[in-house]
Amino acid sequence: MSDLKECAQALDTADTLAPLRELFTLDDTVYLDGNSLGALPRHVPARMQEVLTREWGELRIRSWGESGWWTAPERIGDRIAPIVGAAPGRIVVGDSTSVNVFKAVVAATRLAPEGRDEILVDAQTFPTDGYIAASAARMTGHRLVPVAPADVPDALGPRTAAVLLNHVDYRSGRLHDLPGLTAAVRAAGAISVWDLCHSAGALPVGLDEHGVDLAVGCTYKYLNGGPGSPAYLYVAERHQPVFDSPLPGWTSHADPFAMTPGYTPADGAVRGRVGTPDILSMLALEASLDVWDGVGIDAVRAKSLALTDFFLECVEAYAPEGRVTSVTPAAHAERGSQVALRCHDAEPVMAELIARGVVGDLRRPDVLRFGFTPLYVGFADAERAARVLAEVLGAPAA
């Protein structure tokens, strides 16, 4: 045990991203739930105080222009773009992930060649994605076809209009082959829609490089935007002139203040906007993204893999034999930034971990989830989490 503690200290000393930890509001807790809600960057409260007292309190309506509120969705989208491998002008921020999934799936069916009547959906998808896809299929007259991501190439055919996939499985942490699956979807003449909620900010995505058609993602996990912070929508440049949103709101109009009864869409990713932006949460997100200044996503990925490797090594060394089993792939090419451990009494085990200062979460009935956010999680955190887990597992099952 002492050897692994010493190893953790040495790894933290050599970690070039370690200084970023000071940018966040943290305590003595080992926080491994950033794959559900990221930690608070220290400077955000001061920025929000300025927004509340000056921009809203003093300037009031003038802030739509003078404080840049109106252009925030596109401006913040351009801040997210390099994190997910997109050029400026291809991401718009606003609404929830669920709403953006709906926009993207319906728009994908409208972009697809005529005569195609099937939507493939990740069979293990986050439930809301499945619910939204099913509703979109009913509304558009398509048939929904659940399929495992690995089986997508074989399931594609001349009837496939769109394919909705998760980049990282939220339960297991498995990373799916975005480049290969996107290429297969494109070769079949269909439209790809990727959910990046569990990958953006944790690993390279390469939306432009890999020819992704549409993508959505949240900002409150690895991007640390705050609870309920607005999501984003990516529209590839080649699709923007004909992107047909099923929610054509006034702020996506070419001349929103003309207030005309007929809808004329704006140019570019602005077509993904709907209603009035949620300015307070949007500006909190914008401030949170400051922690990414000068941070390369490749360095984040390298640390993520090192952290999860080390945690798994510590779990194997410390945990009583047979009490937990990893369901997260060992291969780096198949792993996101979380470790999922199968444990038959997962619920009481996680409750006890949290009581002892190690915060993760669980997915019923038997999966313990530990999310590793490289910007503020260190190797000593990983070692301590595994050690406390072993202590909890060594006690009689609740």
# chains A, B, ... in the order shown; residues from 1 in each chain; ligands from 1

call {"tool": "select_by_dssp", "arguments": {"residues": "region 257-397 of chain A", "states": "strand (DSSP E)", "output": "ChimeraX atom specification"}}
result
/A:325-326,338-342,358-359,361-363,367-371

call {"tool": "write_last_selection", "arguments": {"atoms": "N, CA and C atoms", "output": "PDB file, in the first residue's frame"}}
result
ATOM      1  N   THR A 325     -15.779  -6.074  -9.895  1.00  0.00           N
ATOM      2  CA  THR A 325     -15.238  -6.422 -11.204  1.00  0.00           C
ATOM      3  C   THR A 325     -15.400  -5.224 -12.120  1.00  0.00           C
ATOM      4  N   SER A 326     -14.340  -4.867 -12.816  1.00  0.00           N
ATOM      5  CA  SER A 326     -14.429  -3.730 -13.729  1.00  0.00           C
ATOM      6  C   SER A 326     -15.234  -4.102 -14.971  1.00  0.00           C
ATOM      7  N   GLN A 338     -14.056   7.346 -17.204  1.00  0.00           N
ATOM      8  CA  GLN A 338     -14.649   6.860 -15.968  1.00  0.00           C
ATOM      9  C   GLN A 338     -14.323   5.385 -15.816  1.00  0.00           C
ATOM     10  N   VAL A 339     -14.399   4.922 -14.576  1.00  0.00           N
ATOM     11  CA  VAL A 339     -14.257   3.496 -14.282  1.00  0.00           C
ATOM     12  C   VAL A 339     -15.552   3.031 -13.644  1.00  0.00           C
ATOM     13  N   ALA A 340     -16.126   1.976 -14.183  1.00  0.00           N
ATOM     14  CA  ALA A 340     -17.353   1.391 -13.653  1.00  0.00           C
ATOM     15  C   ALA A 340     -17.023   0.018 -13.073  1.00  0.00           C
ATOM     16  N   LEU A 341     -17.394  -0.186 -11.826  1.00  0.00           N
ATOM     17  CA  LEU A 341     -17.123  -1.449 -11.140  1.00  0.00           C
ATOM     18  C   LEU A 341     -18.440  -2.123 -10.781  1.00  0.00           C
ATOM     19  N   ARG A 342     -18.567  -3.381 -11.160  1.00  0.00           N
ATOM     20  CA  ARG A 342     -19.769  -4.133 -10.778  1.00  0.00           C
ATOM     21  C   ARG A 342     -19.607  -4.615  -9.345  1.00  0.00           C
ATOM     22  N   VAL A 358     -15.411  10.001  -0.248  1.00  0.00           N
ATOM     23  CA  VAL A 358     -15.109   9.635  -1.635  1.00  0.00           C
ATOM     24  C   VAL A 358     -16.425   9.662  -2.400  1.00  0.00           C
ATOM     25  N   VAL A 359     -16.579  10.661  -3.259  1.00  0.00           N
ATOM     26  CA  VAL A 359     -17.857  10.875  -3.932  1.00  0.00           C
ATOM     27  C   VAL A 359     -17.803  10.351  -5.360  1.00  0.00           C
ATOM     28  N   ASP A 361     -20.804   7.848  -7.961  1.00  0.00           N
ATOM     29  CA  ASP A 361     -22.232   7.601  -8.012  1.00  0.00           C
ATOM     30  C   ASP A 361     -22.459   6.173  -8.481  1.00  0.00           C
ATOM     31  N   LEU A 362     -23.712   5.808  -8.720  1.00  0.00           N
ATOM     32  CA  LEU A 362     -24.004   4.429  -9.106  1.00  0.00           C
ATOM     33  C   LEU A 362     -25.088   4.402 -10.153  1.00  0.00           C
ATOM     34  N   ARG A 363     -25.126   3.299 -10.847  1.00  0.00           N
ATOM     35  CA  ARG A 363     -26.214   3.010 -11.774  1.00  0.00           C
ATOM     36  C   ARG A 363     -26.787   1.663 -11.372  1.00  0.00           C
ATOM     37  N   VAL A 367     -23.770  -1.127 -10.401  1.00  0.00           N
ATOM     38  CA  VAL A 367     -22.583  -0.489 -10.974  1.00  0.00           C
ATOM     39  C   VAL A 367     -22.181   0.741 -10.175  1.00  0.00           C
ATOM     40  N   LEU A 368     -20.941   0.731  -9.664  1.00  0.00           N
ATOM     41  CA  LEU A 368     -20.329   1.897  -9.042  1.00  0.00           C
ATOM     42  C   LEU A 368     -19.605   2.675 -10.135  1.00  0.00           C
ATOM     43  N   ARG A 369     -19.845   3.985 -10.218  1.00  0.00           N
ATOM     44  CA  ARG A 369     -19.195   4.803 -11.253  1.00  0.00           C
ATOM     45  C   ARG A 369     -18.243   5.808 -10.596  1.00  0.00           C
ATOM     46  N   PHE A 370     -17.049   5.915 -11.182  1.00  0.00           N
ATOM     47  CA  PHE A 370     -16.062   6.871 -10.719  1.00  0.00           C
ATOM     48  C   PHE A 370     -15.564   7.655 -11.928  1.00  0.00           C
ATOM     49  N   GLY A 371     -15.896   8.949 -11.961  1.00  0.00           N
ATOM     50  CA  GLY A 371     -15.507   9.788 -13.082  1.00  0.00           C
ATOM     51  C   GLY A 371     -14.232  10.561 -12.759  1.00  0.00           C
TER      52      GLY A 371
END

call {"tool": "closest_atom_pairs", "arguments": {"of": "region 98-203 of chain A", "to": "region 262-281 of chain A", "cutoff": "12 Å", "atoms": "only C-alpha atoms", "output": "JSON lines"}}
result
{"residue": "A:Val99", "atom": "CA", "partner": "A:Val274", "partner_atom": "CA", "distance": 10.0}
{"residue": "A:Asn100", "atom": "CA", "partner": "A:Gly272", "partner_atom": "CA", "distance": 8.3}
{"residue": "A:Val101", "atom": "CA", "partner": "A:Gly272", "partner_atom": "CA", "distance": 11.2}
{"residue": "A:Phe102", "atom": "CA", "partner": "A:Gly272", "partner_atom": "CA", "distance": 11.2}
{"residue": "A:Lys103", "atom": "CA", "partner": "A:Gly272", "partner_atom": "CA", "distance": 7.7}
{"residue": "A:Ala104", "atom": "CA", "partner": "A:Gly272", "partner_atom": "CA", "distance": 8.9}
{"residue": "A:Ala107", "atom": "CA", "partner": "A:Gly272", "partner_atom": "CA", "distance": 10.0}

call {"tool": "residues_around", "arguments": {"residues": "Gly77 (chain A)", "least_positions_apart": "3", "cutoff": "12 Å", "atoms": "only C-alpha atoms", "output": "number ranges by chain"}}
result
A: 71-74, 80-94, 216-219, 230-235, 269-270, 272-273, 282-283, 285-286, 289

call {"tool": "select_by_dssp", "arguments": {"residues": "region 58-255 of chain A", "states": "helix (DSSP H, G or I)", "output": "VMD selection string"}}
result
chain A and resid 58 to 66 72 to 84 97 to 111 127 to 140 149 to 155 178 to 187 237 to 242 250 to 252

call {"tool": "residues_around", "arguments": {"residues": "Arg138 (chain A)", "least_positions_apart": "6", "cutoff": "12 Å", "atoms": "only C-alpha atoms", "output": "list of chain:residue names"}}
result
A:Val105, A:Val106, A:Asp117, A:Glu118, A:Ile119, A:Tyr131, A:Ile132, A:Leu144

call {"tool": "write_last_selection", "arguments": {"atoms": "N, CA, C and O atoms", "output": "short mmCIF file (atom, residue, chain, number, x, y, z; two decimals), in the first residue's frame"}}
result
data_model
loop_
_atom_site.label_atom_id
_atom_site.label_comp_id
_atom_site.auth_asym_id
_atom_site.auth_seq_id
_atom_site.Cartn_x
_atom_site.Cartn_y
_atom_site.Cartn_z
N VAL A 105 -32.04 14.93 -34.33
CA VAL A 105 -32.58 13.71 -34.93
C VAL A 105 -33.61 14.05 -36.01
O VAL A 105 -33.59 13.49 -37.12
N VAL A 106 -34.51 14.98 -35.72
CA VAL A 106 -35.50 15.35 -36.73
C VAL A 106 -34.82 16.00 -37.93
O VAL A 106 -35.12 15.70 -39.09
N ASP A 117 -36.65 5.40 -44.18
CA ASP A 117 -37.66 5.46 -43.12
C ASP A 117 -37.22 4.81 -41.81
O ASP A 117 -38.05 4.43 -41.00
N GLU A 118 -35.91 4.67 -41.59
CA GLU A 118 -35.42 4.06 -40.36
C GLU A 118 -34.45 4.99 -39.64
O GLU A 118 -33.63 5.67 -40.26
N ILE A 119 -34.56 5.00 -38.31
CA ILE A 119 -33.60 5.69 -37.44
C ILE A 119 -32.96 4.63 -36.55
O ILE A 119 -33.65 3.94 -35.80
N TYR A 131 -35.89 7.99 -25.50
CA TYR A 131 -37.26 8.52 -25.48
C TYR A 131 -37.45 9.55 -26.59
O TYR A 131 -38.46 9.55 -27.31
N ILE A 132 -36.48 10.46 -26.71
CA ILE A 132 -36.58 11.52 -27.72
C ILE A 132 -36.56 10.92 -29.12
O ILE A 132 -37.34 11.32 -30.00
N LEU A 144 -38.04 3.12 -35.54
CA LEU A 144 -36.87 3.16 -34.67
C LEU A 144 -36.28 1.77 -34.55
O LEU A 144 -36.98 0.80 -34.26
#

call {"tool": "closest_residue", "arguments": {"among": "A:Gly201, A:Pro41, A:Gly173, A:Gly57", "to": "Ala330 (chain A)", "atoms": "only C-alpha atoms"}}
result
A:Gly173

call {"tool": "residues_around", "arguments": {"residues": "Gly336 (chain A)", "least_positions_apart": "3", "cutoff": "7 Å", "atoms": "only C-alpha atoms", "output": "NGL selection string"}}
result
:A and (168 or 173-175 or 199)

call {"tool": "residues_around", "arguments": {"residues": "region 5-17 of chain A", "least_positions_apart": "3", "cutoff": "12 Å", "atoms": "only C-alpha atoms", "output": "PDB file with N, CA, C and O atoms, in the first residue's frame"}}
result
ATOM      1  N   MET A   1       0.830  -1.205   0.000  1.00  0.00           N
ATOM      2  CA  MET A   1       0.000   0.000   0.000  1.00  0.00           C
ATOM      3  C   MET A   1       0.865   1.255   0.000  1.00  0.00           C
ATOM      4  O   MET A   1       0.600   2.221  -0.700  1.00  0.00           O
ATOM      5  N   SER A   2       1.942   1.225   0.806  1.00  0.00           N
ATOM      6  CA  SER A   2       2.830   2.387   0.868  1.00  0.00           C
ATOM      7  C   SER A   2       3.485   2.642  -0.476  1.00  0.00           C
ATOM      8  O   SER A   2       3.729   3.799  -0.851  1.00  0.00           O
ATOM      9  N   LEU A  20      -3.760  23.210 -12.418  1.00  0.00           N
ATOM     10  CA  LEU A  20      -5.133  23.583 -12.740  1.00  0.00           C
ATOM     11  C   LEU A  20      -6.080  23.326 -11.576  1.00  0.00           C
ATOM     12  O   LEU A  20      -7.142  23.948 -11.478  1.00  0.00           O
ATOM     13  N   ARG A  21      -5.710  22.418 -10.705  1.00  0.00           N
ATOM     14  CA  ARG A  21      -6.562  22.101  -9.551  1.00  0.00           C
ATOM     15  C   ARG A  21      -6.850  23.346  -8.718  1.00  0.00           C
ATOM     16  O   ARG A  21      -7.942  23.487  -8.156  1.00  0.00           O
ATOM     17  N   GLU A  22      -5.881  24.264  -8.660  1.00  0.00           N
ATOM     18  CA  GLU A  22      -6.052  25.468  -7.861  1.00  0.00           C
ATOM     19  C   GLU A  22      -7.104  26.412  -8.436  1.00  0.00           C
ATOM     20  O   GLU A  22      -7.533  27.356  -7.767  1.00  0.00           O
ATOM     21  N   LEU A  23      -7.531  26.161  -9.664  1.00  0.00           N
ATOM     22  CA  LEU A  23      -8.545  27.004 -10.285  1.00  0.00           C
ATOM     23  C   LEU A  23      -9.959  26.635  -9.855  1.00  0.00           C
ATOM     24  O   LEU A  23     -10.910  27.322 -10.212  1.00  0.00           O
ATOM     25  N   VAL A 291     -11.056  28.136 -17.659  1.00  0.00           N
ATOM     26  CA  VAL A 291     -10.044  27.199 -17.151  1.00  0.00           C
ATOM     27  C   VAL A 291      -9.402  26.395 -18.280  1.00  0.00           C
ATOM     28  O   VAL A 291      -8.354  25.773 -18.086  1.00  0.00           O
ATOM     29  N   TRP A 292     -10.026  26.420 -19.456  1.00  0.00           N
ATOM     30  CA  TRP A 292      -9.490  25.677 -20.600  1.00  0.00           C
ATOM     31  C   TRP A 292      -8.461  26.481 -21.396  1.00  0.00           C
ATOM     32  O   TRP A 292      -7.825  25.932 -22.297  1.00  0.00           O
ATOM     33  N   GLY A 294      -5.372  27.630 -22.872  1.00  0.00           N
ATOM     34  CA  GLY A 294      -4.026  27.076 -22.930  1.00  0.00           C
ATOM     35  C   GLY A 294      -3.929  25.593 -22.628  1.00  0.00           C
ATOM     36  O   GLY A 294      -2.819  25.043 -22.577  1.00  0.00           O
ATOM     37  N   VAL A 295      -5.057  24.927 -22.431  1.00  0.00           N
ATOM     38  CA  VAL A 295      -5.054  23.495 -22.109  1.00  0.00           C
ATOM     39  C   VAL A 295      -5.345  22.693 -23.368  1.00  0.00           C
ATOM     40  O   VAL A 295      -6.360  22.916 -24.032  1.00  0.00           O
ATOM     41  N   GLY A 296      -4.481  21.761 -23.699  1.00  0.00           N
ATOM     42  CA  GLY A 296      -4.679  20.917 -24.870  1.00  0.00           C
ATOM     43  C   GLY A 296      -5.442  19.661 -24.525  1.00  0.00           C
ATOM     44  O   GLY A 296      -5.185  19.025 -23.496  1.00  0.00           O
ATOM     45  N   ILE A 297      -6.372  19.282 -25.375  1.00  0.00           N
ATOM     46  CA  ILE A 297      -7.193  18.105 -25.094  1.00  0.00           C
ATOM     47  C   ILE A 297      -6.382  16.821 -25.132  1.00  0.00           C
ATOM     48  O   ILE A 297      -6.708  15.847 -24.437  1.00  0.00           O
ATOM     49  N   ASP A 298      -5.291  16.788 -25.876  1.00  0.00           N
ATOM     50  CA  ASP A 298      -4.451  15.583 -25.893  1.00  0.00           C
ATOM     51  C   ASP A 298      -3.786  15.360 -24.540  1.00  0.00           C
ATOM     52  O   ASP A 298      -3.651  14.215 -24.084  1.00  0.00           O
ATOM     53  N   ALA A 299      -3.353  16.449 -23.881  1.00  0.00           N
ATOM     54  CA  ALA A 299      -2.769  16.319 -22.550  1.00  0.00           C
ATOM     55  C   ALA A 299      -3.813  15.847 -21.544  1.00  0.00           C
ATOM     56  O   ALA A 299      -3.522  15.041 -20.651  1.00  0.00           O
ATOM     57  N   VAL A 300      -5.039  16.326 -21.700  1.00  0.00           N
ATOM     58  CA  VAL A 300      -6.130  15.900 -20.826  1.00  0.00           C
ATOM     59  C   VAL A 300      -6.393  14.403 -21.003  1.00  0.00           C
ATOM     60  O   VAL A 300      -6.546  13.663 -20.029  1.00  0.00           O
ATOM     61  N   ARG A 301      -6.398  13.961 -22.246  1.00  0.00           N
ATOM     62  CA  ARG A 301      -6.627  12.542 -22.521  1.00  0.00           C
ATOM     63  C   ARG A 301      -5.516  11.672 -21.942  1.00  0.00           C
ATOM     64  O   ARG A 301      -5.780  10.614 -21.353  1.00  0.00           O
ATOM     65  N   ALA A 302      -4.281  12.112 -22.086  1.00  0.00           N
ATOM     66  CA  ALA A 302      -3.159  11.330 -21.562  1.00  0.00           C
ATOM     67  C   ALA A 302      -3.279  11.175 -20.047  1.00  0.00           C
ATOM     68  O   ALA A 302      -3.060  10.081 -19.496  1.00  0.00           O
ATOM     69  N   LYS A 303      -3.633  12.258 -19.360  1.00  0.00           N
ATOM     70  CA  LYS A 303      -3.782  12.155 -17.911  1.00  0.00           C
ATOM     71  C   LYS A 303      -4.990  11.306 -17.539  1.00  0.00           C
ATOM     72  O   LYS A 303      -4.937  10.531 -16.574  1.00  0.00           O
ATOM     73  N   SER A 304      -6.073  11.441 -18.281  1.00  0.00           N
ATOM     74  CA  SER A 304      -7.260  10.630 -18.014  1.00  0.00           C
ATOM     75  C   SER A 304      -6.934   9.141 -18.051  1.00  0.00           C
ATOM     76  O   SER A 304      -7.317   8.377 -17.157  1.00  0.00           O
ATOM     77  N   ALA A 306      -3.986   7.747 -17.738  1.00  0.00           N
ATOM     78  CA  ALA A 306      -3.066   7.415 -16.658  1.00  0.00           C
ATOM     79  C   ALA A 306      -3.804   7.305 -15.327  1.00  0.00           C
ATOM     80  O   ALA A 306      -3.526   6.409 -14.513  1.00  0.00           O
ATOM     81  N   LEU A 307      -4.745   8.210 -15.073  1.00  0.00           N
ATOM     82  CA  LEU A 307      -5.528   8.173 -13.836  1.00  0.00           C
ATOM     83  C   LEU A 307      -6.362   6.906 -13.735  1.00  0.00           C
ATOM     84  O   LEU A 307      -6.395   6.250 -12.685  1.00  0.00           O
ATOM     85  N   ASP A 309      -5.965   4.080 -15.377  1.00  0.00           N
ATOM     86  CA  ASP A 309      -5.056   2.928 -15.249  1.00  0.00           C
ATOM     87  C   ASP A 309      -4.619   2.761 -13.797  1.00  0.00           C
ATOM     88  O   ASP A 309      -4.637   1.658 -13.237  1.00  0.00           O
ATOM     89  N   PHE A 310      -4.204   3.868 -13.187  1.00  0.00           N
ATOM     90  CA  PHE A 310      -3.683   3.817 -11.822  1.00  0.00           C
ATOM     91  C   PHE A 310      -4.780   3.427 -10.833  1.00  0.00           C
ATOM     92  O   PHE A 310      -4.551   2.633  -9.905  1.00  0.00           O
ATOM     93  N   PHE A 311      -5.963   3.967 -11.012  1.00  0.00           N
ATOM     94  CA  PHE A 311      -7.067   3.599 -10.120  1.00  0.00           C
ATOM     95  C   PHE A 311      -7.371   2.109 -10.212  1.00  0.00           C
ATOM     96  O   PHE A 311      -7.536   1.436  -9.181  1.00  0.00           O
ATOM     97  N   GLU A 313      -5.331  -0.213 -11.070  1.00  0.00           N
ATOM     98  CA  GLU A 313      -4.212  -0.913 -10.433  1.00  0.00           C
ATOM     99  C   GLU A 313      -4.378  -0.921  -8.916  1.00  0.00           C
ATOM    100  O   GLU A 313      -4.160  -1.948  -8.251  1.00  0.00           O
ATOM    101  N   CYS A 314      -4.773   0.220  -8.353  1.00  0.00           N
ATOM    102  CA  CYS A 314      -4.967   0.309  -6.906  1.00  0.00           C
ATOM    103  C   CYS A 314      -6.140  -0.555  -6.445  1.00  0.00           C
ATOM    104  O   CYS A 314      -6.069  -1.211  -5.392  1.00  0.00           O
ATOM    105  N   ALA A 317      -5.058  -4.065  -6.315  1.00  0.00           N
ATOM    106  CA  ALA A 317      -4.145  -4.330  -5.201  1.00  0.00           C
ATOM    107  C   ALA A 317      -4.840  -4.307  -3.849  1.00  0.00           C
ATOM    108  O   ALA A 317      -4.480  -5.076  -2.943  1.00  0.00           O
ATOM    109  N   TYR A 318      -5.837  -3.453  -3.681  1.00  0.00           N
ATOM    110  CA  TYR A 318      -6.437  -3.220  -2.368  1.00  0.00           C
ATOM    111  C   TYR A 318      -7.728  -3.991  -2.119  1.00  0.00           C
ATOM    112  O   TYR A 318      -7.986  -4.422  -0.989  1.00  0.00           O
ATOM    113  N   THR A 373     -11.969  13.604 -13.747  1.00  0.00           N
ATOM    114  CA  THR A 373     -11.828  14.858 -14.474  1.00  0.00           C
ATOM    115  C   THR A 373     -10.377  15.314 -14.359  1.00  0.00           C
ATOM    116  O   THR A 373      -9.954  15.768 -13.286  1.00  0.00           O
ATOM    117  N   PRO A 374      -9.591  15.204 -15.421  1.00  0.00           N
ATOM    118  CA  PRO A 374      -8.151  15.458 -15.316  1.00  0.00           C
ATOM    119  C   PRO A 374      -7.782  16.867 -14.891  1.00  0.00           C
ATOM    120  O   PRO A 374      -6.668  17.082 -14.384  1.00  0.00           O
ATOM    121  N   LEU A 375      -8.659  17.848 -15.059  1.00  0.00           N
ATOM    122  CA  LEU A 375      -8.315  19.213 -14.692  1.00  0.00           C
ATOM    123  C   LEU A 375      -8.151  19.379 -13.187  1.00  0.00           C
ATOM    124  O   LEU A 375      -7.423  20.272 -12.746  1.00  0.00           O
ATOM    125  N   TYR A 376      -8.833  18.551 -12.390  1.00  0.00           N
ATOM    126  CA  TYR A 376      -8.715  18.743 -10.941  1.00  0.00           C
ATOM    127  C   TYR A 376      -8.572  17.462 -10.130  1.00  0.00           C
ATOM    128  O   TYR A 376      -8.390  17.524  -8.908  1.00  0.00           O
ATOM    129  N   VAL A 377      -8.622  16.309 -10.734  1.00  0.00           N
ATOM    130  CA  VAL A 377      -8.421  15.051 -10.017  1.00  0.00           C
ATOM    131  C   VAL A 377      -6.965  14.629 -10.153  1.00  0.00           C
ATOM    132  O   VAL A 377      -6.397  14.663 -11.253  1.00  0.00           O
ATOM    133  N   GLY A 378      -6.356  14.235  -9.031  1.00  0.00           N
ATOM    134  CA  GLY A 378      -4.961  13.815  -9.041  1.00  0.00           C
ATOM    135  C   GLY A 378      -4.799  12.336  -8.738  1.00  0.00           C
ATOM    136  O   GLY A 378      -5.758  11.626  -8.420  1.00  0.00           O
ATOM    137  N   PHE A 379      -3.556  11.880  -8.798  1.00  0.00           N
ATOM    138  CA  PHE A 379      -3.269  10.469  -8.573  1.00  0.00           C
ATOM    139  C   PHE A 379      -3.421  10.090  -7.098  1.00  0.00           C
ATOM    140  O   PHE A 379      -3.817   8.962  -6.785  1.00  0.00           O
ATOM    141  N   ALA A 380      -3.133  11.016  -6.195  1.00  0.00           N
ATOM    142  CA  ALA A 380      -3.378  10.737  -4.778  1.00  0.00           C
ATOM    143  C   ALA A 380      -4.871  10.553  -4.519  1.00  0.00           C
ATOM    144  O   ALA A 380      -5.264   9.745  -3.670  1.00  0.00           O
ATOM    145  N   ASP A 381      -5.699  11.281  -5.255  1.00  0.00           N
ATOM    146  CA  ASP A 381      -7.148  11.088  -5.156  1.00  0.00           C
ATOM    147  C   ASP A 381      -7.526   9.666  -5.569  1.00  0.00           C
ATOM    148  O   ASP A 381      -8.353   9.013  -4.916  1.00  0.00           O
ATOM    149  N   ALA A 382      -6.943   9.203  -6.671  1.00  0.00           N
ATOM    150  CA  ALA A 382      -7.250   7.862  -7.171  1.00  0.00           C
ATOM    151  C   ALA A 382      -6.828   6.799  -6.161  1.00  0.00           C
ATOM    152  O   ALA A 382      -7.577   5.835  -5.898  1.00  0.00           O
ATOM    153  N   GLU A 383      -5.640   6.975  -5.588  1.00  0.00           N
ATOM    154  CA  GLU A 383      -5.161   5.988  -4.603  1.00  0.00           C
ATOM    155  C   GLU A 383      -6.037   5.981  -3.360  1.00  0.00           C
ATOM    156  O   GLU A 383      -6.412   4.920  -2.848  1.00  0.00           O
ATOM    157  N   ARG A 384      -6.393   7.169  -2.876  1.00  0.00           N
ATOM    158  CA  ARG A 384      -7.242   7.246  -1.679  1.00  0.00           C
ATOM    159  C   ARG A 384      -8.609   6.645  -1.940  1.00  0.00           C
ATOM    160  O   ARG A 384      -9.158   5.912  -1.096  1.00  0.00           O
ATOM    161  N   ALA A 385      -9.166   6.907  -3.101  1.00  0.00           N
ATOM    162  CA  ALA A 385     -10.488   6.355  -3.427  1.00  0.00           C
ATOM    163  C   ALA A 385     -10.456   4.833  -3.425  1.00  0.00           C
ATOM    164  O   ALA A 385     -11.364   4.176  -2.882  1.00  0.00           O
ATOM    165  N   ALA A 386      -9.424   4.250  -4.013  1.00  0.00           N
ATOM    166  CA  ALA A 386      -9.321   2.788  -4.050  1.00  0.00           C
ATOM    167  C   ALA A 386      -9.109   2.217  -2.651  1.00  0.00           C
ATOM    168  O   ALA A 386      -9.661   1.159  -2.306  1.00  0.00           O
ATOM    169  N   ARG A 387      -8.337   2.922  -1.842  1.00  0.00           N
ATOM    170  CA  ARG A 387      -8.067   2.450  -0.476  1.00  0.00           C
ATOM    171  C   ARG A 387      -9.344   2.483   0.370  1.00  0.00           C
ATOM    172  O   ARG A 387      -9.649   1.520   1.092  1.00  0.00           O
TER     173      ARG A 387
END

call {"tool": "residues_around", "arguments": {"residues": "Ala162 (chain A)", "least_positions_apart": "6", "cutoff": "12 Å", "atoms": "only C-alpha atoms", "output": "JSON, numbers by chain"}}
result
{"A": [104, 105, 106, 107, 108, 109, 110, 111, 112, 113, 114, 116, 117, 118, 119, 120, 121, 122, 133, 136, 137, 140, 142, 143, 144, 145, 152, 155, 156, 182, 184, 185, 186, 188, 189, 190, 191, 192, 193, 194, 212, 213, 214]}

call {"tool": "closest_residue", "arguments": {"among": "A:Leu389, A:Ala331, A:Met350, A:Ala284", "to": "Glu50 (chain A)", "atoms": "only C-alpha atoms"}}
result
A:Ala284

call {"tool": "atom_distance", "arguments": {"atom1": "CA of Asp129 (chain A)", "atom2": "CA of Asp345 (chain A)"}}
result
28.0 Å

call {"tool": "atom_distance", "arguments": {"atom1": "CA of Ser96 (chain A)", "atom2": "CA of Leu207 (chain A)"}}
result
20.0 Å
